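Novice: Got a structure for you, written out below as structure tokens; questions coming shortly.
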Amino acid sequence: MEQSSMEKYVPLHVCHVNKTSIIINRAHAFLHFIAILFLIHYRLSFFFQHPKNTTIPTLPWLLIFVSELLLSLAWLFTQSYRWRPVTRTVFPERLPADDKLPAIDVFICTADPNKEPSVEVMNTVISAMALAYPPEKLHVYVSDDAGSDVTLRCMKEAWNFARYWVPFCRKYDLVTACPDVYFSSSEVDSGDFEGSEFKAARTKIEEKYEVLKQRIRRIVQQHSTTGDALHNTRDHPSIIEVINEHPKEEDEVKMPLLVYVSREKRPSHHHNFKAGALNVLLRVSTMISNSPYILMLDCDMYCNDPTSTRQAMCYYCDPQTPSSIAFVQFPQTFRNICEDDIYDGEIRNLMKIFWHGFDGVGGPTISGSNFYIKREALLGSFSKQQELMALKRSFGPSNDFIKTLVEDYKPGFIHDGESSRMLLEKANVLASCSYENQTSWGSKVGFLYFCVVEDYFTGFTLHRKGWKSVYLYPKKPQFLGIATTNFNDTSIQWTRWASGLTSVAISKFCPLIYGPLKMSWVQLMCYSKLAFMPLLNCLSLWGFALIPQLCLFNDISLYPKVSDSNFNIFFIIFVSAILKSLYEVVTTGGQVRTWRNDWRIWMMRSVTSYFYGSLDVVFNKLGMKEASFLPTNKVIDDEHAKLYEMGIFDFRTATTFLAPLVTVILVNIAAFVRALVVNVVDNDRDGFWEKMFGQMFLSFYILVSNYTVIEGMIIRRDKASIPLYVTLLSGVFSVFILLIGSAILC
């Protein structure tokens with residue numbers, strides 16, 4: 001009987017191990033590691049030489065050795081992502097009938113209507129309501145952290161439009177759930193497009209969409225010109241409203257539930273950023289729908305493929321799949337990425353390379369958005385025998401909420417006035433700013449509050465508890481968002497991420513301390529790579545950007561002569577790193593210029609965003625600064641977008657981001673030009689060229705890789721170039737570094 005059952009079993013998903021990539025990655029890692037060992041031996045042997053046999057000062061040698069060790073450690077952590085890369089395939093057509101599918105709640109978070117355009121936010125809401133899933137099992141919650149009347153009014157308009165859009169999508173089997181994309185795209189969608197009935201329906205629904213956009217823009221304009229614009233986003237009561245202005249009729253197509261949630265905020269209570277908003281949604285949705293699975297979306301990340309729900313359910317509905325899968329992560333993909341992508345807005349290394357390797361060793365961490373997660377993973381599983389007071393200490397004083405944890409609670413929102421009013425009153429209590437006081441919310445329950453990168457830390461904690469995750473990368477992007485397309489926004493965004501990751505790295509939750517014995521050592525290295533990435537990169541890159549140049553400026557050699565066999569060690573390591581990164585870019589669909597852009601933005605981030613993010617954590621630990629969170633600007637500026645599409649850097653950002661870049665470039669120019677002059681004037685005295693070739697090449701490589709900074713300083717004269725006062729200020733810094741650095745190191 002058991003054998004017969006196994007014969008009938010048809011898998012809903014398949015995992016493919018990339019054996020060719022594994023062989024290439026491990027062979028390269030072995031050879032590169034051997035070269036690093038030779039480098040370490042070369043550097044250490046210096047300290048055992050007799051002082052009379054060397055003229056090189058110890059301090060610069062030690063500093064560059066430390067920089068090399070830090071970068072080598074970062075490289076070692078990175079190999080964990082290359083250890084066992086996998087890809088996955090799902091078969092949603094094999095899912096059980098609709099009546100057997102589990103319910104899903106969709107969480108959409110918005111924080112600032114000024115930085116997150118309402119038309120785009122509503123497109124995300126509408127696309128979520130149009131997911132290809134039984135409408136009675138789909139519930140969409142929008143968290144408005146600003147408590148803005150604009151978002152609520154726009155949601156009502158979006159609901160009115162969705163009443164026509166959702167049936168239209170289902171009737172003609174559209175594969176584009178977002179109306180803005182559907183009506184602006186020239187590509188042909190699936191469905192019956194030849195009949196006059198469809199053409200008439202399409203024209204009618206397009207007219208309704210134009211009306212929707214006009215009404216939303218009118219609401220936003222009224223908000224900006226009236227007293228509502230003075231609304232305090234940090235001091236307002238909780239508001240929960242089910243959007244249903246047109247009650248269902250018997251012959252009307254069923255619609256998903258749409259709920260507006262704005263938690264209470266008071267200046268005296270810390271609101272814990274996005275994680276706090278998500279935990280409110282967790283509690284409120286438990287009372288209203290209590291779906292076992294949740295889809296998390298950023299407000300700009302619309303559903304590009306309505307079948308993502310069914311693809312994710314292939315892991316939760318497969319009887320042979322372990323119940324320990326906590327979440328299914330889809331990649332973050334963006335609709336405004338140009339071919340050049342000079343700011344690495346698509347985060348290609350993480351999404352296209354690292355996360356496949358992360359998946360092969362236990363699963364990736366939560367990546368901010370685009371993931372389906374099991375509610376039980378966030379809240380836990382409890383029996384009726386559980387002590388009531390213990391549950392209240394963890395989950396808060398609400399008896400109604402506790403009831404949902406210990407019983408098979410399946411609420412159903414009823415539009416009958418009294419029942420719905422009472423249910424919403426109970427939900428409002430759960431959205432109060434004081435509800436979490438003296439509870440485990442944010443520390444052991446729900447999304448965790450320890451740092452501003454709540455996704456990374458929550459994912460790490462889930463994996464430490466024994467949960468697993470999977471990374472699903474279909475050919476068609478399931479979700480499409482808006483990437484940062486100017487240097488200012490991308491710098492702020494990466495500084496915030498760097499701050500959050502560094503705060504984990506230097507805390508008791510450091511993966512190397514908190515993770516051992518709880519997860520595989522390879523997965524532990526994956527988490528360590530992310531946590532230590534800002535620190536390791538900023539410290540090592542600052543070392544490589546200044547120490548060899550200061551020594552070059554003072555005729556001190558830190559690398560072997562070209563004729564010395566030890567020079568091959570550095571040559572092999574450099575070429576090995578370059579070729580491996582180029583191979584990974586090309587094999588994942590990129591071009592040589594993609595690799596060049598990735599390499600450049602990595603250097604620029606290391607001396608700016610990673611540096612300031614790490615510095616922010618140090619100040620925070622010293623009590624000099626509190627953690628802060630600024631929502632990324634989602635407003636597309638036409639001028640910024642044009643420069644981005646042309647591949648031209650937009651340097652209109654704070655001096656704090658520009659000064660380090662320009663200072664590094666000026667120091668490298670000074671060192672390289674002086675070395676050239678000395679070599680030419682003195683006719684290569686004492687084999688200067690051979691002795692200093694390593695440092696001259698390093699400076700030359702930095703200058704060529706970051707030519708765009710030189711161009712912004714000297715050649716360009718547009719308003720997006722580097723201001724003259726920044727160049728002059730950086731010139732002062734560079735002179736100071738050359739004088740003081742030379743005095744200290746040499």
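Going through the structure tokens in order, the chains are called A, B, and so on, while each chain numbers its residues from 1 and the ligands are numbered from 1 in the order shown.
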What lies within 10 Å of His271 of chain A using only C-alpha atoms, ignoring chain neighbours under 5 positions off, as an MDAnalysis selection string?
Specialist: chainID A and resid 145 234 263:266 276:277 433:434 449
Novice: Selection from above, N, CA and C atoms, as a CSV table (one decimal), in the first residue's frame, can you write it?
Specialist:
```csv
chain,number,residue,atom,x,y,z
A,145,ASP,N,2.5,53.8,7.8
A,145,ASP,CA,3.2,54.2,9.0
A,145,ASP,C,3.1,55.7,9.2
A,234,ARG,N,4.5,61.2,13.5
A,234,ARG,CA,5.0,60.5,14.7
A,234,ARG,C,4.1,60.6,15.9
A,263,ARG,N,-0.9,52.1,12.6
A,263,ARG,CA,-0.7,51.8,14.0
A,263,ARG,C,-0.5,53.2,14.8
A,264,GLU,N,-0.8,53.1,16.1
A,264,GLU,CA,-0.7,54.3,16.9
A,264,GLU,C,0.8,54.7,17.0
A,265,LYS,N,1.1,55.9,17.0
A,265,LYS,CA,2.5,56.4,17.2
A,265,LYS,C,2.4,57.6,18.2
A,266,ARG,N,3.3,57.6,19.1
A,266,ARG,CA,3.5,58.7,20.1
A,266,ARG,C,5.0,58.9,20.3
A,276,GLY,N,8.5,47.1,13.5
A,276,GLY,CA,7.3,47.4,14.3
A,276,GLY,C,6.0,47.5,13.6
A,277,ALA,N,6.0,48.0,12.4
A,277,ALA,CA,4.8,48.0,11.6
A,277,ALA,C,4.4,46.6,11.1
A,433,CYS,N,0.4,51.8,20.6
A,433,CYS,CA,1.9,51.9,20.7
A,433,CYS,C,2.3,51.2,22.1
A,434,SER,N,1.5,51.1,23.0
A,434,SER,CA,1.9,50.5,24.3
A,434,SER,C,1.6,49.0,24.4
A,449,TYR,N,13.7,43.4,16.5
A,449,TYR,CA,14.0,44.9,16.6
A,449,TYR,C,15.4,45.2,16.8
```
Novice: As a list in words, which residues of segment 69-119 of chain A does DSSP assign to strand (DSSP E or B)?
Specialist: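 Matching residues, listed in order: Val86, Thr87, Arg88, Thr89, Val90, Ile104, Asp105, Val106, Phe107, Ile108, Cys109 and Thr110 of chain A.
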Novice: Return as a PyMOL selection string the full set of residues in segment 233-446 of chain A whose backbone-based DSSP assignment is alpha helix (DSSP H).
Specialist: chain A and resi 273-288+308-316+348+355-359+375-379+388-395+399-406+418-430
Novice: Can you tell me, as a VMD selection string, what residues are no more than 9 Å from Phe693 of chain A when counting only C-alpha atoms, ignoring any on the same chain fewer than 6 positions away?
Specialist: chain A and resid 559 to 562
Novice: Could you name the residues that touch segment 505-508 of chain A at 9 Å or less, counting only C-alpha atoms, but leaving out those on the same chain fewer than 4 positions away, as a ChimeraX atom specification?
Specialist: /A:500-501,512-514,528,530-532,535,617
Novice: Tell me which of A:Glu425, A:Asp489, A:Glu68, A:Glu584 sits closest to Phe570 of chain A, counting only C-alpha atoms.
Specialist: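 Result for the nearest residue to Phe570 of chain A: A:Glu68.
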Novice: Pick from A:Gln478, A:Pro331, A:Tyr81, A:Ala97: nearest to Leu131 of chain A, with only C-alpha atoms counted?
Specialist: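 With only C-alpha atoms as the atom set, the closest residue is A:Gln478.
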Novice: Leaving out segment 381-395 of chain A and any residue of its chain fewer than 5 positions from it, which residues lie within 12 Å of it when counting only C-alpha atoms, given as a ChimeraX atom specification?
Specialist: /A:279-280,282-283,292,374-376,400-408,430,435-446
Novice: Need the shell around Ser520 of chain A: protein/DNA/RNA residues with any atom at most 12 Å away, counting only C-alpha atoms. Skip same-chain ones fewer than 2 positions apart. Format as a ChimeraX atom specification?
Specialist: /A:80,358,360-363,463-464,466,468,511-512,515-518,522-527
Novice: Please produce an output containing N, CA and C atoms for each residue in the selection, written as an mmCIF file, in the first residue's frame.
Specialist:
```cif
data_model
loop_
_atom_site.group_PDB
_atom_site.id
_atom_site.type_symbol
_atom_site.label_atom_id
_atom_site.label_comp_id
_atom_site.auth_asym_id
_atom_site.auth_seq_id
_atom_site.Cartn_x
_atom_site.Cartn_y
_atom_site.Cartn_z
ATOM 1 N N SER A 80 31.695 30.697 0.906
ATOM 2 C CA SER A 80 30.564 29.901 1.396
ATOM 3 C C SER A 80 29.387 29.981 0.432
ATOM 4 N N PHE A 358 23.637 30.457 -1.107
ATOM 5 C CA PHE A 358 23.012 30.496 0.219
ATOM 6 C C PHE A 358 21.910 29.427 0.294
ATOM 7 N N GLY A 360 21.759 26.662 -1.262
ATOM 8 C CA GLY A 360 22.304 25.305 -1.251
ATOM 9 C C GLY A 360 22.808 24.830 0.088
ATOM 10 N N VAL A 361 22.917 25.727 1.067
ATOM 11 C CA VAL A 361 23.461 25.333 2.372
ATOM 12 C C VAL A 361 22.483 25.592 3.515
ATOM 13 N N GLY A 362 21.193 25.639 3.205
ATOM 14 C CA GLY A 362 20.183 25.815 4.254
ATOM 15 C C GLY A 362 19.174 26.892 3.960
ATOM 16 N N GLY A 363 19.443 27.690 2.941
ATOM 17 C CA GLY A 363 18.479 28.722 2.554
ATOM 18 C C GLY A 363 18.960 30.121 2.849
ATOM 19 N N HIS A 463 16.773 30.674 11.155
ATOM 20 C CA HIS A 463 17.663 29.576 10.780
ATOM 21 C C HIS A 463 18.362 28.996 12.009
ATOM 22 N N ARG A 464 18.682 29.842 12.957
ATOM 23 C CA ARG A 464 19.310 29.366 14.183
ATOM 24 C C ARG A 464 18.360 28.469 14.978
ATOM 25 N N GLY A 466 16.378 26.389 13.639
ATOM 26 C CA GLY A 466 16.183 25.144 12.915
ATOM 27 C C GLY A 466 15.292 25.242 11.699
ATOM 28 N N LYS A 468 14.194 26.312 7.843
ATOM 29 C CA LYS A 468 14.875 26.348 6.552
ATOM 30 C C LYS A 468 14.178 27.363 5.647
ATOM 31 N N PRO A 511 27.253 36.339 14.310
ATOM 32 C CA PRO A 511 27.070 34.960 13.829
ATOM 33 C C PRO A 511 28.147 33.996 14.296
ATOM 34 N N LEU A 512 29.383 34.467 14.402
ATOM 35 C CA LEU A 512 30.466 33.579 14.824
ATOM 36 C C LEU A 512 30.345 33.165 16.286
ATOM 37 N N GLY A 515 25.869 31.745 16.395
ATOM 38 C CA GLY A 515 25.408 30.740 15.452
ATOM 39 C C GLY A 515 25.959 29.341 15.581
ATOM 40 N N PRO A 516 27.231 29.141 16.023
ATOM 41 C CA PRO A 516 27.801 27.793 16.058
ATOM 42 C C PRO A 516 26.919 26.791 16.804
ATOM 43 N N LEU A 517 26.929 25.575 16.301
ATOM 44 C CA LEU A 517 26.160 24.441 16.841
ATOM 45 C C LEU A 517 24.671 24.534 16.517
ATOM 46 N N LYS A 518 24.241 25.669 15.925
ATOM 47 C CA LYS A 518 22.823 25.839 15.609
ATOM 48 C C LYS A 518 22.547 25.743 14.103
ATOM 49 N N VAL A 522 28.920 26.209 6.858
ATOM 50 C CA VAL A 522 28.915 26.969 5.607
ATOM 51 C C VAL A 522 27.845 28.057 5.656
ATOM 52 N N GLN A 523 26.651 27.716 6.146
ATOM 53 C CA GLN A 523 25.594 28.725 6.275
ATOM 54 C C GLN A 523 26.004 29.799 7.273
ATOM 55 N N LEU A 524 26.708 29.397 8.310
ATOM 56 C CA LEU A 524 27.204 30.355 9.301
ATOM 57 C C LEU A 524 28.166 31.352 8.655
ATOM 58 N N MET A 525 29.015 30.861 7.747
ATOM 59 C CA MET A 525 29.939 31.748 7.039
ATOM 60 C C MET A 525 29.187 32.709 6.122
ATOM 61 N N CYS A 526 28.078 32.238 5.536
ATOM 62 C CA CYS A 526 27.258 33.124 4.699
ATOM 63 C C CYS A 526 26.747 34.308 5.514
ATOM 64 N N TYR A 527 26.222 34.020 6.701
ATOM 65 C CA TYR A 527 25.726 35.095 7.567
ATOM 66 C C TYR A 527 26.869 35.983 8.058
#
```
Novice: Do a neighbour search on segment 101-103 of chain A at 10 Å with only C-alpha atoms, toss out local chain neighbours closer than 6 positions, and write the hits as a PDB file with all heavy atoms, in the first residue's frame.
Specialist:
```pdb
ATOM      1  N   LEU A  95      -0.668  21.547  -8.260  1.00  0.00           N
ATOM      2  CA  LEU A  95      -1.252  21.869  -6.959  1.00  0.00           C
ATOM      3  C   LEU A  95      -2.659  21.288  -6.839  1.00  0.00           C
ATOM      4  O   LEU A  95      -3.338  21.070  -7.841  1.00  0.00           O
ATOM      5  CB  LEU A  95      -1.310  23.386  -6.768  1.00  0.00           C
ATOM      6  CG  LEU A  95      -0.010  24.099  -6.398  1.00  0.00           C
ATOM      7  CD1 LEU A  95      -0.205  25.607  -6.472  1.00  0.00           C
ATOM      8  CD2 LEU A  95       0.470  23.696  -5.007  1.00  0.00           C
ATOM      9  N   TYR A 133      -5.192  33.587  -7.391  1.00  0.00           N
ATOM     10  CA  TYR A 133      -5.439  32.776  -6.200  1.00  0.00           C
ATOM     11  C   TYR A 133      -6.909  32.934  -5.835  1.00  0.00           C
ATOM     12  O   TYR A 133      -7.517  33.989  -6.133  1.00  0.00           O
ATOM     13  CB  TYR A 133      -4.542  33.249  -5.047  1.00  0.00           C
ATOM     14  CG  TYR A 133      -4.177  32.176  -4.054  1.00  0.00           C
ATOM     15  CD1 TYR A 133      -3.302  31.152  -4.395  1.00  0.00           C
ATOM     16  CD2 TYR A 133      -4.703  32.192  -2.762  1.00  0.00           C
ATOM     17  CE1 TYR A 133      -2.955  30.172  -3.486  1.00  0.00           C
ATOM     18  CE2 TYR A 133      -4.364  31.213  -1.839  1.00  0.00           C
ATOM     19  CZ  TYR A 133      -3.493  30.205  -2.217  1.00  0.00           C
ATOM     20  OH  TYR A 133      -3.144  29.230  -1.316  1.00  0.00           O
ATOM     21  N   PRO A 134      -7.517  31.940  -5.201  1.00  0.00           N
ATOM     22  CA  PRO A 134      -8.930  32.078  -4.809  1.00  0.00           C
ATOM     23  C   PRO A 134      -9.153  33.362  -4.013  1.00  0.00           C
ATOM     24  O   PRO A 134      -8.513  33.563  -2.976  1.00  0.00           O
ATOM     25  CB  PRO A 134      -9.180  30.831  -3.957  1.00  0.00           C
ATOM     26  CG  PRO A 134      -8.178  29.836  -4.424  1.00  0.00           C
ATOM     27  CD  PRO A 134      -6.967  30.623  -4.813  1.00  0.00           C
ATOM     28  N   PRO A 135     -10.004  34.262  -4.467  1.00  0.00           N
ATOM     29  CA  PRO A 135     -10.159  35.572  -3.811  1.00  0.00           C
ATOM     30  C   PRO A 135     -10.610  35.481  -2.366  1.00  0.00           C
ATOM     31  O   PRO A 135     -10.235  36.331  -1.548  1.00  0.00           O
ATOM     32  CB  PRO A 135     -11.203  36.282  -4.681  1.00  0.00           C
ATOM     33  CG  PRO A 135     -11.907  35.196  -5.415  1.00  0.00           C
ATOM     34  CD  PRO A 135     -10.892  34.129  -5.631  1.00  0.00           C
ATOM     35  N   GLU A 136     -11.400  34.468  -2.021  1.00  0.00           N
ATOM     36  CA  GLU A 136     -11.852  34.323  -0.642  1.00  0.00           C
ATOM     37  C   GLU A 136     -10.722  33.887   0.288  1.00  0.00           C
ATOM     38  O   GLU A 136     -10.857  33.945   1.507  1.00  0.00           O
ATOM     39  CB  GLU A 136     -13.016  33.327  -0.567  1.00  0.00           C
ATOM     40  CG  GLU A 136     -12.656  31.879  -0.900  1.00  0.00           C
ATOM     41  CD  GLU A 136     -12.676  31.578  -2.398  1.00  0.00           C
ATOM     42  OE1 GLU A 136     -12.808  32.540  -3.187  1.00  0.00           O
ATOM     43  OE2 GLU A 136     -12.565  30.396  -2.762  1.00  0.00           O
ATOM     44  N   LYS A 137      -9.583  33.487  -0.297  1.00  0.00           N
ATOM     45  CA  LYS A 137      -8.431  33.067   0.498  1.00  0.00           C
ATOM     46  C   LYS A 137      -7.277  34.061   0.400  1.00  0.00           C
ATOM     47  O   LYS A 137      -6.156  33.760   0.782  1.00  0.00           O
ATOM     48  CB  LYS A 137      -7.956  31.682   0.041  1.00  0.00           C
ATOM     49  CG  LYS A 137      -8.987  30.589   0.273  1.00  0.00           C
ATOM     50  CD  LYS A 137      -8.433  29.216  -0.046  1.00  0.00           C
ATOM     51  CE  LYS A 137      -9.461  28.137   0.299  1.00  0.00           C
ATOM     52  NZ  LYS A 137      -8.930  26.782   0.123  1.00  0.00           N
ATOM     53  N   LEU A 138      -7.572  35.249  -0.084  1.00  0.00           N
ATOM     54  CA  LEU A 138      -6.555  36.278  -0.259  1.00  0.00           C
ATOM     55  C   LEU A 138      -6.973  37.533   0.495  1.00  0.00           C
ATOM     56  O   LEU A 138      -8.090  38.029   0.323  1.00  0.00           O
ATOM     57  CB  LEU A 138      -6.391  36.584  -1.751  1.00  0.00           C
ATOM     58  CG  LEU A 138      -5.178  37.410  -2.185  1.00  0.00           C
ATOM     59  CD1 LEU A 138      -3.876  36.705  -1.830  1.00  0.00           C
ATOM     60  CD2 LEU A 138      -5.245  37.670  -3.693  1.00  0.00           C
ATOM     61  N   HIS A 139      -6.077  38.037   1.348  1.00  0.00           N
ATOM     62  CA  HIS A 139      -6.383  39.214   2.173  1.00  0.00           C
ATOM     63  C   HIS A 139      -5.202  40.176   2.098  1.00  0.00           C
ATOM     64  O   HIS A 139      -4.069  39.799   2.398  1.00  0.00           O
ATOM     65  CB  HIS A 139      -6.636  38.802   3.629  1.00  0.00           C
ATOM     66  CG  HIS A 139      -7.464  37.557   3.756  1.00  0.00           C
ATOM     67  ND1 HIS A 139      -6.885  36.298   3.820  1.00  0.00           N
ATOM     68  CD2 HIS A 139      -8.800  37.372   3.799  1.00  0.00           C
ATOM     69  CE1 HIS A 139      -7.846  35.387   3.921  1.00  0.00           C
ATOM     70  NE2 HIS A 139      -9.010  36.012   3.896  1.00  0.00           N
ATOM     71  N   SER A 289      -8.096  37.652   9.624  1.00  0.00           N
ATOM     72  CA  SER A 289      -8.061  36.547   8.651  1.00  0.00           C
ATOM     73  C   SER A 289      -7.251  35.343   9.123  1.00  0.00           C
ATOM     74  O   SER A 289      -7.591  34.204   8.815  1.00  0.00           O
ATOM     75  CB  SER A 289      -7.495  37.051   7.317  1.00  0.00           C
ATOM     76  OG  SER A 289      -6.236  37.683   7.520  1.00  0.00           O
ATOM     77  N   ASN A 290      -6.147  35.594   9.838  1.00  0.00           N
ATOM     78  CA  ASN A 290      -5.325  34.525  10.423  1.00  0.00           C
ATOM     79  C   ASN A 290      -4.884  33.492   9.388  1.00  0.00           C
ATOM     80  O   ASN A 290      -4.903  32.285   9.639  1.00  0.00           O
ATOM     81  CB  ASN A 290      -6.076  33.828  11.557  1.00  0.00           C
ATOM     82  CG  ASN A 290      -5.121  33.095  12.491  1.00  0.00           C
ATOM     83  OD1 ASN A 290      -3.971  33.490  12.660  1.00  0.00           O
ATOM     84  ND2 ASN A 290      -5.586  32.008  13.090  1.00  0.00           N
ATOM     85  N   SER A 291      -4.455  33.958   8.242  1.00  0.00           N
ATOM     86  CA  SER A 291      -3.975  33.039   7.208  1.00  0.00           C
ATOM     87  C   SER A 291      -2.652  32.416   7.638  1.00  0.00           C
ATOM     88  O   SER A 291      -1.808  33.087   8.243  1.00  0.00           O
ATOM     89  CB  SER A 291      -3.786  33.781   5.884  1.00  0.00           C
ATOM     90  OG  SER A 291      -5.005  34.346   5.458  1.00  0.00           O
ATOM     91  N   PRO A 292      -2.426  31.143   7.318  1.00  0.00           N
ATOM     92  CA  PRO A 292      -1.196  30.470   7.742  1.00  0.00           C
ATOM     93  C   PRO A 292       0.054  30.954   7.022  1.00  0.00           C
ATOM     94  O   PRO A 292       1.163  30.733   7.488  1.00  0.00           O
ATOM     95  CB  PRO A 292      -1.469  28.998   7.435  1.00  0.00           C
ATOM     96  CG  PRO A 292      -2.509  29.019   6.373  1.00  0.00           C
ATOM     97  CD  PRO A 292      -3.348  30.231   6.639  1.00  0.00           C
ATOM     98  N   TYR A 293      -0.132  31.635   5.861  1.00  0.00           N
ATOM     99  CA  TYR A 293       1.020  32.103   5.097  1.00  0.00           C
ATOM    100  C   TYR A 293       0.863  33.581   4.771  1.00  0.00           C
ATOM    101  O   TYR A 293      -0.253  34.074   4.581  1.00  0.00           O
ATOM    102  CB  TYR A 293       1.188  31.286   3.810  1.00  0.00           C
ATOM    103  CG  TYR A 293       1.373  29.819   4.103  1.00  0.00           C
ATOM    104  CD1 TYR A 293       0.310  28.926   3.946  1.00  0.00           C
ATOM    105  CD2 TYR A 293       2.580  29.321   4.561  1.00  0.00           C
ATOM    106  CE1 TYR A 293       0.458  27.576   4.234  1.00  0.00           C
ATOM    107  CE2 TYR A 293       2.740  27.984   4.864  1.00  0.00           C
ATOM    108  CZ  TYR A 293       1.675  27.116   4.701  1.00  0.00           C
ATOM    109  OH  TYR A 293       1.834  25.793   5.002  1.00  0.00           O
ATOM    110  N   ILE A 294       2.010  34.266   4.698  1.00  0.00           N
ATOM    111  CA  ILE A 294       2.007  35.722   4.518  1.00  0.00           C
ATOM    112  C   ILE A 294       2.987  36.088   3.408  1.00  0.00           C
ATOM    113  O   ILE A 294       4.119  35.590   3.370  1.00  0.00           O
ATOM    114  CB  ILE A 294       2.430  36.430   5.822  1.00  0.00           C
ATOM    115  CG1 ILE A 294       1.468  36.082   6.966  1.00  0.00           C
ATOM    116  CG2 ILE A 294       2.494  37.939   5.622  1.00  0.00           C
ATOM    117  CD1 ILE A 294       1.995  36.468   8.332  1.00  0.00           C
ATOM    118  N   ARG A 310       0.970  30.616  -6.248  1.00  0.00           N
ATOM    119  CA  ARG A 310       0.928  29.176  -6.516  1.00  0.00           C
ATOM    120  C   ARG A 310       2.331  28.581  -6.581  1.00  0.00           C
ATOM    121  O   ARG A 310       2.547  27.432  -6.180  1.00  0.00           O
ATOM    122  CB  ARG A 310       0.164  28.919  -7.816  1.00  0.00           C
ATOM    123  CG  ARG A 310      -1.314  29.321  -7.725  1.00  0.00           C
ATOM    124  CD  ARG A 310      -2.065  29.058  -9.007  1.00  0.00           C
ATOM    125  NE  ARG A 310      -3.463  29.458  -8.868  1.00  0.00           N
ATOM    126  CZ  ARG A 310      -4.429  28.653  -8.407  1.00  0.00           C
ATOM    127  NH1 ARG A 310      -4.147  27.410  -8.045  1.00  0.00           N
ATOM    128  NH2 ARG A 310      -5.671  29.097  -8.310  1.00  0.00           N
ATOM    129  N   MET A 313       3.370  28.116  -3.008  1.00  0.00           N
ATOM    130  CA  MET A 313       2.619  27.037  -2.361  1.00  0.00           C
ATOM    131  C   MET A 313       3.109  25.650  -2.764  1.00  0.00           C
ATOM    132  O   MET A 313       2.798  24.671  -2.102  1.00  0.00           O
ATOM    133  CB  MET A 313       1.133  27.168  -2.679  1.00  0.00           C
ATOM    134  CG  MET A 313       0.440  28.337  -1.990  1.00  0.00           C
ATOM    135  SD  MET A 313       0.645  28.322  -0.184  1.00  0.00           S
ATOM    136  CE  MET A 313       1.694  29.772   0.030  1.00  0.00           C
ATOM    137  N   TYR A 316       4.855  24.525   0.241  1.00  0.00           N
ATOM    138  CA  TYR A 316       4.060  24.337   1.452  1.00  0.00           C
ATOM    139  C   TYR A 316       3.002  23.241   1.300  1.00  0.00           C
ATOM    140  O   TYR A 316       2.534  22.698   2.295  1.00  0.00           O
ATOM    141  CB  TYR A 316       3.387  25.653   1.837  1.00  0.00           C
ATOM    142  CG  TYR A 316       4.357  26.736   2.239  1.00  0.00           C
ATOM    143  CD1 TYR A 316       4.388  27.969   1.580  1.00  0.00           C
ATOM    144  CD2 TYR A 316       5.252  26.539   3.278  1.00  0.00           C
ATOM    145  CE1 TYR A 316       5.276  28.967   1.950  1.00  0.00           C
ATOM    146  CE2 TYR A 316       6.146  27.529   3.654  1.00  0.00           C
ATOM    147  CZ  TYR A 316       6.158  28.743   2.982  1.00  0.00           C
ATOM    148  OH  TYR A 316       7.039  29.715   3.355  1.00  0.00           O
ATOM    149  N   CYS A 317       2.628  22.925   0.076  1.00  0.00           N
ATOM    150  CA  CYS A 317       1.567  21.938  -0.157  1.00  0.00           C
ATOM    151  C   CYS A 317       2.108  20.573  -0.569  1.00  0.00           C
ATOM    152  O   CYS A 317       1.328  19.636  -0.736  1.00  0.00           O
ATOM    153  CB  CYS A 317       0.599  22.439  -1.227  1.00  0.00           C
ATOM    154  SG  CYS A 317      -0.312  23.928  -0.763  1.00  0.00           S
TER     155      CYS A 317
END
```
Novice: My list of candidates is A:Phe161, A:Phe47, A:Tyr42, A:Tyr372. Which is closest to Asn566 of chain A when distances are computed with only C-alpha atoms?
Specialist: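 Ranking A:Phe161, A:Phe47, A:Tyr42, A:Tyr372 by distance to Asn566 of chain A, first place goes to A:Tyr42.
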Novice: Just how far from atom CA of Thr124 of chain A is atom CA of Val175 of chain A, in Å to one decimal?
Specialist: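 Atom CA of Thr124 of chain A lies at a distance of 14.9 Å from atom CA of Val175 of chain A.
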Novice: Could you check the closest approach to Ile34 of chain A for each of A:Leu295, A:Met603, A:Ile569, A:Leu536 and tell me which residue wins, using only C-alpha atoms?
Specialist: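 Checking each candidate against Ile34 of chain A, we get A:Ile569 as the closest.
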Novice: As an exercise, work out the distance from atom CA of Pro322 of chain A to atom CA of Pro306 of chain A in Å and give it to one decimal place.
Specialist: 25.7 Å
Novice: As an exercise, work out the distance from atom CA of Asn668 of chain A to atom CA of Arg596 of chain A in Å and give it to one decimal place.
Specialist: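 A separation of 19.3 Å between them.
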